[in-house]
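Participant: First the structure, then my questions, so here it is.
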Amino acid sequence: MSKRRIPFIAVASLALFFLASYSLSFAETKITTNGSVGDTVTIEGSIEPGKELYLAIAQQDEFKPGDATMPHEKSKFAKQTAKSGFGMDTSIPPLYYVLTSNPTAFGKRVDDTRFGGPSVFLGKGRTKGLYSTYSYLLNDDFNAIDADAKTGLGPIKTEEQWKFLKWANESSYGINTIVKEGNRVGKIVIFSRTVLGDDSSTNYWDKGTKINLDKETGKFTATFASFRHTPPDTQFDVYVNGAKADSFSLEGKGFWLKKGYRYMNPLWIVIGAILVGTYFSMIGAAGGMLMAAFQVLVVNTMGPVGVNAANVLKPSNMALTLFSPLGSFYRFAVVEKRVAWPVGISFGVGIFIGSIWLGKYVSALLPMQAYKEWLAVLVVIMGIKTLTEMTPKAMNKRKNIKAMTQKFNAAVKKAKETGDAMEMGSIEPVKTGLTDYRFKFWGEEFRINPLLFAFLGIIIGIVSRSFGIGGGFLLVPAMTTLGALPMYVAVPISLIGTCFSSIGSFFGYVMIGYWPDWVLAGAIIIGGFAGGMLGSRAQKFFSEMQLKVVLAITLFFLFFRFFKIEVWI
């Protein structure tokens, strides 16, 4: 009986010895960090000598498509899971990194990654675009990954998880909805940080990562920079070659925008909104688009995990395009009396219908990228048209604007000579009708069709709802080109239209559940209102010609943005 027990005891003891040795090696794993987001995290320990290092750092709270509660995201995930090989219950960590001495086990460097430019002409895909860079793409075939490397992925254990991870880290929608951290080339996000090697590789995604592995002893030290916008108190698990070794958490650093999903001092947002609001109130255009650019490039508004960045950015943007006009409107309407109300109201009603009702149907049917790029064509045509209006030949055809401009310039000159305050002209109605509205401004008569602009307002309202902008970049050129109105009259009308479009678009988003980040929106409201008051006063210091030049420059800027021809990258 005792003889039979000896082999069993020996085997059990040997197994316990190896298990204890194996566990001891991971018990020695040491994690060092200052404990705040954006700080470096250093992990030290040992693995089996001769092996490659696979160090997985995974956020404890995982996300699966079935967690999405908002309508647009639910629809997107349902379509994506049907064709991409993962399910609604497939879960991955939104923040997930693999620090490894063997990055080629999981993917490869692609040297000709193209990006930027109009997809309607250049086509889509990583081989299409105006600019070229290189990137790291995960393997398509999960089963082709080496067994040791596959084990080293930690919580990523199935083919479905791998496919979901690849899609979330390499598609723009995945990065803007799930991952929230991208590798940028200039202003363009190419893919997300996932597999990291030592920064001696000179790859831009490895910057800030150090991996030292002594294969003879198995001892390693790995350091990487944590994501600056990791949510406060995020918990991470650390896996060393597949075995869970330890955990750590990161505290917040700065003011956290819960829905903006960023650390940002609201004061900077107020300052940005003042600058944009002033510009917007002067030319009546591009406030929403410039505020969107500010949110994307400076604030980096992203939204909570599971909500696409655009669906937080757009309703927050409405704060500027609504409150900046209010900041300037009292002066335009009450003090200076230069609001053509019949045109403004007809515009506003059309815009409201387009933004709160029709916009959601049109934006759902049209591919957003193509929609935006064809809009860029319209914008540049308006920019060219605005420039041609400033030629002597065009000015001679529009004698009323030429005469008004001469009177305005004379008034400016007199004000400078005498030191008196410059007074703006006011609207003097001549005839009011549904299709025929006439008024005098600086003694010159202008005529416009309010009903025509009501229909035009519907189209602009649809555009406004689709992009989360006020629509002024279409309103002002439409009034100066189609309506032959001077900038001093077009801008106040435009501000009425943007108020209506903002209200309609905001309620359109709210009715389906998309609310803004209230701190972000509040900062934009304060800055936008102050900027509106500044802009209404600043406008009188610029001539009609100067305002049109600024408008034309803005339109060409938007053309580059819509087409992603960002030459400043």
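Within each chain, counting starts at residue 1; across the structure tokens, chains are named A, B, ... in the order shown, with ligands numbered 1 upward in that order.
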Excluding A:Gly129 and its own-chain neighbours fewer than 6 positions away, which residues fall within 7 Å of it when counting only C-alpha atoms? Please give them as a PyMOL selection string.

Facilitator: chain A and resi 114-117+122

Participant: Hey, what's within 6 Å of stretch 77-91 of chain A if we count only C-alpha atoms and toss same-chain stuff fewer than 5 positions away? As a PyMOL selection string, please?

Facilitator: chain A and resi 62-66+160-161+164

Participant: Please identify every residue of stretch 175-281 of chain A that has at least one atom no farther than 10 Å from an atom of stretch 137-150 of chain A, counting only C-alpha atoms, and for each give the shortest atom pair and the distance in Å to one decimal, arranged by chain then increasing number, as a Markdown table.

Facilitator:
| residue | atom | partner | partner_atom | distance |
| --- | --- | --- | --- | --- |
| A:Phe191 | CA | A:Leu137 | CA | 8.3 |
| A:Ser192 | CA | A:Leu137 | CA | 9.7 |
| A:Thr194 | CA | A:Leu138 | CA | 9.0 |
| A:Val195 | CA | A:Leu138 | CA | 8.5 |
| A:Asn241 | CA | A:Asp148 | CA | 7.6 |
| A:Gly242 | CA | A:Lys150 | CA | 8.3 |

Participant: Give me the residues within 8 Å of stretch 33-47 of chain A as a PyMOL selection string, counting only C-alpha atoms and dropping any in the same chain fewer than 4 places off.

Facilitator: chain A and resi 25-26+28-29+51+53+217-232+240-241+249-253

Participant: Stretch 223-426 of chain A: which residues are alpha helix (DSSP H) by DSSP, as an MDAnalysis selection string?

Facilitator: chainID A and resid 266:283 287:294 310:330 341:353 359:365 368:388 392:397 399:418

Participant: Here is a test: counting only C-alpha atoms, which residue of A:Leu322, A:Val519, A:Ala105, A:Phe560 is nearest to A:Lys258?

Facilitator: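 Using only C-alpha atoms, the shortest distance to A:Lys258 belongs to A:Val519.
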
Participant: Using DSSP on the backbone coordinates, identify the residues of stretch 147-386 of chain A assigned to strand (DSSP E or B); present them as a PyMOL selection string.

Facilitator: chain A and resi 182-185+188-192+195-196+210-213+219-225+234-240+243-251+256-257+262-263

Participant: What's the separation between atom CA of A:Lys314 and atom CA of A:Gly483, in Å to one decimal place?

Facilitator: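 Atom-to-atom, atom CA of A:Lys314 and atom CA of A:Gly483 are spaced 29.3 Å apart.
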
Participant: Name the residues in contact with A:Phe329 at a cut-off of 9 Å, using only C-alpha atoms, excluding same-chain residues fewer than 4 positions from it; report them as a PDB file with C-alpha atoms, in the first residue's frame.

Facilitator:
ATOM      1  CA  SER A 281     -20.972  86.946 -35.356  1.00  0.00           C
ATOM      2  CA  SER A 324     -23.471  83.240 -29.991  1.00  0.00           C
ATOM      3  CA  PRO A 325     -26.235  84.759 -32.199  1.00  0.00           C
ATOM      4  CA  ALA A 333     -32.159  93.924 -34.050  1.00  0.00           C
ATOM      5  CA  VAL A 334     -32.876  96.560 -31.399  1.00  0.00           C
ATOM      6  CA  PRO A 492     -28.134  89.348 -39.018  1.00  0.00           C
ATOM      7  CA  LEU A 495     -27.958  84.566 -37.211  1.00  0.00           C
ATOM      8  CA  ILE A 496     -31.764  84.170 -37.116  1.00  0.00           C
ATOM      9  CA  GLY A 532     -21.397  87.227 -30.065  1.00  0.00           C
ATOM     10  CA  MET A 533     -21.439  90.587 -28.286  1.00  0.00           C
ATOM     11  CA  SER A 536     -21.495  92.513 -33.381  1.00  0.00           C
TER      12      SER A 536
END

Participant: Quick one: distance from atom CA of A:Ala245 to atom CA of A:Asn169 in Å, one decimal?

Facilitator: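 Pair atom CA of A:Ala245 / atom CA of A:Asn169 returns 25.0 Å.
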
Participant: Between atom CA of A:Met487 and atom CA of A:Leu547, what is the spacing in Å?

Facilitator: 7.1 Å

Participant: Using only C-alpha atoms, pick whichever of A:Trp205, A:Tyr131, A:Tyr54, A:Trp162 has the shortest atom-to-atom distance to A:Val238.

Facilitator: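 Checking each of A:Trp205, A:Tyr131, A:Tyr54, A:Trp162 against A:Val238, counting only C-alpha atoms, the winner is A:Tyr54.
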
Participant: Stretch 97-99 of chain A: which residues within 7 Å, counting only C-alpha atoms, same-chain residues fewer than 3 positions away excluded, as a PyMOL selection string?

Facilitator: chain A and resi 54-58+193-197

Participant: Take the residues that were just selected and, keeping C-alpha atoms, output them as a JSON list (two decimals), in the first residue's frame.

Facilitator:
[["chain", "number", "residue", "atom", "x", "y", "z"],
["A", 54, "TYR", "CA", 3.98, 39.00, -24.07],
["A", 55, "LEU", "CA", 2.75, 41.52, -21.52],
["A", 56, "ALA", "CA", -0.98, 42.25, -21.81],
["A", 57, "ILE", "CA", -2.43, 45.25, -19.95],
["A", 58, "ALA", "CA", -6.22, 45.21, -20.12],
["A", 193, "ARG", "CA", -2.33, 51.76, -29.93],
["A", 194, "THR", "CA", -2.50, 48.02, -29.34],
["A", 195, "VAL", "CA", 0.70, 46.06, -29.96],
["A", 196, "LEU", "CA", 3.75, 47.96, -28.70],
["A", 197, "GLY", "CA", 7.44, 47.23, -29.04]]

Participant: Pick out the residues sitting within 12 Å of A:Phe332, and hand them over as a PyMOL selection string; count only C-alpha atoms, and ignore anything fewer than 5 positions along from it in its own chain.

Facilitator: chain A and resi 281-282+284+325-327+337-341+423-427+488-496+532-533+535-537+539-540

Participant: With C-alpha atoms retained, write the just-selected residues as an mmCIF file, in the first residue's frame.

Facilitator:
data_model
loop_
_atom_site.group_PDB
_atom_site.id
_atom_site.type_symbol
_atom_site.label_atom_id
_atom_site.label_comp_id
_atom_site.auth_asym_id
_atom_site.auth_seq_id
_atom_site.Cartn_x
_atom_site.Cartn_y
_atom_site.Cartn_z
ATOM 1 C CA SER A 281 -20.972 86.946 -35.356
ATOM 2 C CA MET A 282 -18.870 89.094 -37.682
ATOM 3 C CA GLY A 284 -22.514 85.000 -39.843
ATOM 4 C CA PRO A 325 -26.235 84.759 -32.199
ATOM 5 C CA LEU A 326 -28.172 85.700 -29.064
ATOM 6 C CA GLY A 327 -25.127 87.608 -27.834
ATOM 7 C CA LYS A 337 -32.429 97.897 -36.535
ATOM 8 C CA ARG A 338 -30.827 96.119 -39.474
ATOM 9 C CA VAL A 339 -32.732 92.827 -39.437
ATOM 10 C CA ALA A 340 -34.913 92.063 -42.477
ATOM 11 C CA TRP A 341 -37.530 90.189 -40.457
ATOM 12 C CA GLU A 423 -23.217 104.426 -36.774
ATOM 13 C CA MET A 424 -24.549 101.540 -38.853
ATOM 14 C CA GLY A 425 -27.491 102.047 -41.210
ATOM 15 C CA SER A 426 -30.904 100.550 -40.419
ATOM 16 C CA ILE A 427 -33.483 98.615 -42.458
ATOM 17 C CA TYR A 488 -24.277 93.932 -43.260
ATOM 18 C CA VAL A 489 -27.827 92.707 -43.932
ATOM 19 C CA ALA A 490 -27.009 89.047 -44.672
ATOM 20 C CA VAL A 491 -25.221 88.432 -41.362
ATOM 21 C CA PRO A 492 -28.134 89.348 -39.018
ATOM 22 C CA ILE A 493 -30.513 87.229 -41.140
ATOM 23 C CA SER A 494 -28.030 84.374 -41.003
ATOM 24 C CA LEU A 495 -27.958 84.566 -37.211
ATOM 25 C CA ILE A 496 -31.764 84.170 -37.116
ATOM 26 C CA GLY A 532 -21.397 87.227 -30.065
ATOM 27 C CA MET A 533 -21.439 90.587 -28.286
ATOM 28 C CA GLY A 535 -18.463 90.265 -32.943
ATOM 29 C CA SER A 536 -21.495 92.513 -33.381
ATOM 30 C CA ARG A 537 -19.412 95.507 -32.313
ATOM 31 C CA GLN A 539 -18.238 94.139 -37.617
ATOM 32 C CA LYS A 540 -18.519 97.890 -38.193
#

Participant: Measuring between only C-alpha atoms, which one of A:Glu444, A:Asp61, A:Glu181, A:Glu73 shows the shortest distance to A:Thr301?

Facilitator: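 For A:Thr301, the nearest of the candidates is A:Glu181.
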
Participant: Taking 3 positions as the minimum chain separation for residues in the same chain, which residues sit within 6 Å of stretch 346-349 of chain A when counting only C-alpha atoms? Answer as a PyMOL selection string.

Facilitator: chain A and resi 343+352+450+453-454+457+497+500
